[in-house]
Amino acid sequence: MMQTVVDYSAALVAAALVLERLRAVLRTRGDRQAVWVWLFTASVVPFVVFQIDDVYTTVDRLVGAHNLAWLLSYVFMVLAAYYLCHTFIETMPGWSGPGGVITIVTLAAIYPFGPARAAETTDHVHAANVGEILFMGVNYLYFVAMVSLIPIPLCLRTLRARQQPTPDRLRTLVILPALAVTVSNALTKLVVYSAGFVLPTLPAALLNTVTDVSRLQAGAVTVLWVASLAPSRLYRGLAHFVEFLQKVHTCRELGRLQDWLDAAFPAVASDRAAGLDVLKAPDLHLYRRTIHILDRQKMLAQAEDGPAARLYQGLQNIPASASFDQVVAACRDLSRQIGKTR
């Protein structure tokens, strides 16, 4: 029952994404990345549809071949992996295209000696012959290699690049677990499939439990990929909220440094805004607190050692060409350093 719900839900969601992405392609003519995203979603639809038990058995019955829908499903899986990687990088590695072609040809060559000779079934936890093991292994190894070598490293580099816009970083934070769970799901299926054939004495309950885990992973994959392909305006809205929280948190950190300065130089103590005032105008109070800290440099210059001297040296090390955001970040780091020594 759970698998049926997952399969039908995934098929409906994938079809909806194809239409939505097609609208994006038509709206942004000439945007090659939008085309690759659409091709990826368009490849996912038949892959998911052929996984539905009723569709699977109907196709095989009409064609008169055992497990042909399984072959068709995984051919589209290979295409989906290729187009998915193309959404991340315009110039693909030289091996990726030929690797995909070789994988599809190999699947077609193995099919007559593997899945076609097995009994008609939608449950492929227990392999019927070596051909089925090779069939599954070739397919998943290409998929895992593509996703692991191209999108995942690119996502990690995006997260490490601080200059990336916040909406892009947030989308990457969704795409990365989507990729990781997708790879995990493929490896889980491959391991279960191989173990069921190599070790036929394994308890059926164990194999069924791991199979249920793979189905939960498939559901998580659907949710994560839908979220990753959400409209940009949603991520822009989330980015504004995240930036607001970051500013409030930075105000709080600068406030601690401001408190320390007020205690060290009470004669020039500053007025402090209440917490609600900071929430109403975080940019204003971020500016005021930064200026208050910078204004204390002349007094800090008299310190010979201790936290005051380190704070003065840290402020002096801020380049004159630094942007306001860079100055705020430097003051925040100094606040953390002073807090550790108190």
# chains A, B, ... in the order shown; residues from 1 in each chain; ligands from 1
>>> residues_around(residues="Phe76 (chain A)", least_positions_apart="6", cutoff="7 Å", atoms="only C-alpha atoms", output="list in words")
Ser43, Val44, Pro46 and Phe47 of chain A
>>> select_by_dssp(residues="region 29-236 of chain A", states="helix (DSSP H, G or I)", output="JSON, numbers by chain")
{"A": [32, 33, 34, 35, 36, 37, 38, 39, 40, 41, 42, 43, 44, 45, 46, 47, 48, 49, 53, 54, 55, 56, 57, 58, 59, 60, 61, 62, 63, 68, 69, 70, 71, 72, 73, 74, 75, 76, 77, 78, 79, 80, 81, 82, 83, 84, 85, 86, 96, 97, 98, 99, 100, 101, 102, 103, 104, 105, 106, 107, 108, 109, 110, 111, 112, 113, 115, 116, 117, 130, 131, 132, 133, 134, 135, 136, 137, 138, 139, 140, 141, 142, 143, 144, 145, 146, 147, 148, 149, 151, 152, 153, 154, 155, 156, 157, 158, 159, 160, 166, 167, 168, 169, 170, 171, 172, 173, 174, 175, 176, 177, 178, 179, 180, 181, 182, 183, 184, 185, 186, 187, 188, 189, 190, 191, 192, 193, 194, 195, 196, 197, 198, 204, 205, 206, 207, 208, 209, 210, 211, 212, 213, 214, 215, 216, 217, 218, 219, 220, 221, 222, 223, 224, 225, 226, 227, 228, 232, 233, 234, 235, 236]}
>>> closest_residue(among="A:Ile104, A:Cys331, A:Val210, A:Val144", to="Tyr74 (chain A)", atoms="only C-alpha atoms")
A:Ile104
>>> residues_around(residues="Tyr82 (chain A)", least_positions_apart="4", cutoff="12 Å", atoms="only C-alpha atoms", output="PyMOL selection string")
chain A and resi 36-37+39-41+43-44+75-78+86-93+95-101+103-104+142-147+149-151
>>> closest_residue(among="A:Ile52, A:Leu159, A:Ala218, A:Val213", to="Val181 (chain A)", atoms="only C-alpha atoms")
A:Ala218
>>> residues_around(residues="region 58-67 of chain A", least_positions_apart="3", cutoff="6 Å", atoms="only C-alpha atoms", output="PyMOL selection string")
chain A and resi 55+70+115-116+120
>>> write_last_selection(atoms="N, CA, C and O atoms", output="PDB file, in the first residue's frame")
ATOM      1  N   VAL A  55       0.706  -0.125 -14.086  1.00  0.00           N
ATOM      2  CA  VAL A  55       1.267   0.257 -15.385  1.00  0.00           C
ATOM      3  C   VAL A  55       2.278  -0.786 -15.833  1.00  0.00           C
ATOM      4  O   VAL A  55       2.319  -1.194 -17.008  1.00  0.00           O
ATOM      5  N   TRP A  70      10.350  -2.777 -16.736  1.00  0.00           N
ATOM      6  CA  TRP A  70      11.518  -2.564 -15.873  1.00  0.00           C
ATOM      7  C   TRP A  70      12.682  -1.999 -16.689  1.00  0.00           C
ATOM      8  O   TRP A  70      13.352  -1.049 -16.276  1.00  0.00           O
ATOM      9  N   PRO A 115      16.183 -10.166 -17.012  1.00  0.00           N
ATOM     10  CA  PRO A 115      14.775  -9.924 -16.668  1.00  0.00           C
ATOM     11  C   PRO A 115      13.785 -10.630 -17.580  1.00  0.00           C
ATOM     12  O   PRO A 115      12.725 -11.075 -17.128  1.00  0.00           O
ATOM     13  N   ALA A 116      14.089 -10.761 -18.874  1.00  0.00           N
ATOM     14  CA  ALA A 116      13.142 -11.380 -19.802  1.00  0.00           C
ATOM     15  C   ALA A 116      12.934 -12.865 -19.497  1.00  0.00           C
ATOM     16  O   ALA A 116      11.877 -13.424 -19.793  1.00  0.00           O
ATOM     17  N   GLU A 120       7.293 -12.927 -14.587  1.00  0.00           N
ATOM     18  CA  GLU A 120       6.714 -11.583 -14.539  1.00  0.00           C
ATOM     19  C   GLU A 120       6.433 -11.204 -13.083  1.00  0.00           C
ATOM     20  O   GLU A 120       5.671 -11.884 -12.388  1.00  0.00           O
TER      21      GLU A 120
END
>>> atom_distance(atom1="CA of Ser228 (chain A)", atom2="CA of Asp168 (chain A)")
10.5 Å
>>> closest_residue(among="A:Cys251, A:Ser184, A:Phe197, A:Tyr235", to="Ser214 (chain A)", atoms="only C-alpha atoms")
A:Ser184
>>> residues_around(residues="Ala69 (chain A)", least_positions_apart="4", cutoff="8 Å", atoms="only C-alpha atoms", output="PDB file with N, CA and C atoms, in the first residue's frame")
ATOM      1  N   PHE A  50       6.513   3.923 -15.017  1.00  0.00           N
ATOM      2  CA  PHE A  50       6.751   2.493 -15.250  1.00  0.00           C
ATOM      3  C   PHE A  50       7.000   1.724 -13.950  1.00  0.00           C
ATOM      4  N   GLN A  51       7.239   2.449 -12.849  1.00  0.00           N
ATOM      5  CA  GLN A  51       7.421   1.801 -11.553  1.00  0.00           C
ATOM      6  C   GLN A  51       6.085   1.449 -10.891  1.00  0.00           C
ATOM      7  N   TYR A  56       3.102  -1.203 -14.905  1.00  0.00           N
ATOM      8  CA  TYR A  56       4.143  -2.194 -15.175  1.00  0.00           C
ATOM      9  C   TYR A  56       3.549  -3.462 -15.791  1.00  0.00           C
ATOM     10  N   THR A  57       2.571  -4.030 -15.114  1.00  0.00           N
ATOM     11  CA  THR A  57       1.982  -5.292 -15.586  1.00  0.00           C
ATOM     12  C   THR A  57       1.182  -5.098 -16.875  1.00  0.00           C
ATOM     13  N   VAL A  59       1.758  -2.859 -19.329  1.00  0.00           N
ATOM     14  CA  VAL A  59       2.695  -2.724 -20.454  1.00  0.00           C
ATOM     15  C   VAL A  59       3.240  -4.087 -20.859  1.00  0.00           C
ATOM     16  N   ASP A  60       3.661  -4.858 -19.874  1.00  0.00           N
ATOM     17  CA  ASP A  60       4.225  -6.178 -20.185  1.00  0.00           C
ATOM     18  C   ASP A  60       3.195  -7.096 -20.826  1.00  0.00           C
ATOM     19  N   SER A  73      11.856   1.589 -17.685  1.00  0.00           N
ATOM     20  CA  SER A  73      11.965   2.476 -16.534  1.00  0.00           C
ATOM     21  C   SER A  73      13.414   2.882 -16.290  1.00  0.00           C
TER      22      SER A  73
END
>>> residues_around(residues="region 231-233 of chain A", least_positions_apart="4", cutoff="9 Å", atoms="only C-alpha atoms", output="list in words")
Pro167, Asp168, Arg171, Ala227, Gly237 and Leu238 of chain A
>>> write_last_selection(atoms="N, CA and C atoms", output="mmCIF file, in the first residue's frame")
data_model
loop_
_atom_site.group_PDB
_atom_site.id
_atom_site.type_symbol
_atom_site.label_atom_id
_atom_site.label_comp_id
_atom_site.auth_asym_id
_atom_site.auth_seq_id
_atom_site.Cartn_x
_atom_site.Cartn_y
_atom_site.Cartn_z
ATOM 1 N N PRO A 167 19.602 33.123 -1.668
ATOM 2 C CA PRO A 167 18.618 32.201 -2.261
ATOM 3 C C PRO A 167 19.265 30.992 -2.921
ATOM 4 N N ASP A 168 20.392 31.188 -3.601
ATOM 5 C CA ASP A 168 21.082 30.061 -4.243
ATOM 6 C C ASP A 168 21.633 29.095 -3.200
ATOM 7 N N ARG A 171 18.716 27.044 -1.801
ATOM 8 C CA ARG A 171 18.293 25.987 -2.739
ATOM 9 C C ARG A 171 19.305 24.846 -2.741
ATOM 10 N N ALA A 227 10.838 20.216 -3.502
ATOM 11 C CA ALA A 227 11.256 21.428 -2.794
ATOM 12 C C ALA A 227 12.410 22.121 -3.518
ATOM 13 N N GLY A 237 11.987 34.748 -0.622
ATOM 14 C CA GLY A 237 11.290 35.050 0.621
ATOM 15 C C GLY A 237 11.986 34.424 1.818
ATOM 16 N N LEU A 238 12.418 33.165 1.673
ATOM 17 C CA LEU A 238 13.156 32.506 2.751
ATOM 18 C C LEU A 238 14.487 33.206 3.007
#
>>> residues_around(residues="Val328 (chain A)", least_positions_apart="2", cutoff="9 Å", atoms="only C-alpha atoms", output="PyMOL selection string")
chain A and resi 250+254+286-287+290+323-326+330-333
>>> closest_residue(among="A:Met136, A:Leu257, A:Ala230, A:Ala109", to="Gln337 (chain A)", atoms="only C-alpha atoms")
A:Leu257
>>> atom_distance(atom1="CA of Leu187 (chain A)", atom2="CA of Ala34 (chain A)")
28.9 Å
>>> closest_residue(among="A:Asp295, A:Asp212, A:Asp283, A:Asp54", to="His249 (chain A)", atoms="only C-alpha atoms")
A:Asp283
>>> atom_distance(atom1="CA of Ala308 (chain A)", atom2="CA of Ala281 (chain A)")
29.4 Å
>>> decode(residues="region 51-63 of chain A", atoms="N, CA, C and O atoms", output="CSV table (one decimal), in the first residue's frame")
chain,number,residue,atom,x,y,z
A,51,GLN,N,7.2,2.4,-12.8
A,51,GLN,CA,7.4,1.8,-11.6
A,51,GLN,C,6.1,1.4,-10.9
A,51,GLN,O,6.0,0.7,-9.9
A,52,ILE,N,5.0,2.0,-11.4
A,52,ILE,CA,3.7,1.8,-10.8
A,52,ILE,C,3.3,0.4,-11.2
A,52,ILE,O,3.3,0.0,-12.4
A,53,ASP,N,2.9,-0.4,-10.2
A,53,ASP,CA,2.6,-1.9,-10.5
A,53,ASP,C,1.6,-2.1,-11.6
A,53,ASP,O,1.8,-2.9,-12.5
A,54,ASP,N,0.5,-1.3,-11.6
A,54,ASP,CA,-0.6,-1.5,-12.6
A,54,ASP,C,-0.1,-1.2,-14.0
A,54,ASP,O,-0.4,-1.9,-15.0
A,55,VAL,N,0.7,-0.1,-14.1
A,55,VAL,CA,1.3,0.3,-15.4
A,55,VAL,C,2.3,-0.8,-15.8
A,55,VAL,O,2.3,-1.2,-17.0
A,56,TYR,N,3.1,-1.2,-14.9
A,56,TYR,CA,4.1,-2.2,-15.2
A,56,TYR,C,3.5,-3.5,-15.8
A,56,TYR,O,4.0,-3.9,-16.9
A,57,THR,N,2.6,-4.0,-15.1
A,57,THR,CA,2.0,-5.3,-15.6
A,57,THR,C,1.2,-5.1,-16.9
A,57,THR,O,1.2,-6.0,-17.7
A,58,THR,N,0.5,-3.9,-17.0
A,58,THR,CA,-0.3,-3.7,-18.2
A,58,THR,C,0.6,-3.6,-19.5
A,58,THR,O,0.3,-4.2,-20.5
A,59,VAL,N,1.8,-2.9,-19.3
A,59,VAL,CA,2.7,-2.7,-20.5
A,59,VAL,C,3.2,-4.1,-20.9
A,59,VAL,O,3.3,-4.4,-22.1
A,60,ASP,N,3.7,-4.9,-19.9
A,60,ASP,CA,4.2,-6.2,-20.2
A,60,ASP,C,3.2,-7.1,-20.8
A,60,ASP,O,3.5,-7.9,-21.7
A,61,ARG,N,2.0,-7.0,-20.4
A,61,ARG,CA,0.9,-7.9,-20.9
A,61,ARG,C,0.6,-7.5,-22.4
A,61,ARG,O,0.4,-8.3,-23.2
A,62,LEU,N,0.6,-6.2,-22.6
A,62,LEU,CA,0.3,-5.7,-24.0
A,62,LEU,C,1.4,-6.1,-25.0
A,62,LEU,O,1.1,-6.4,-26.1
A,63,VAL,N,2.6,-5.9,-24.5
A,63,VAL,CA,3.8,-6.2,-25.4
A,63,VAL,C,4.0,-7.7,-25.5
A,63,VAL,O,4.5,-8.2,-26.5
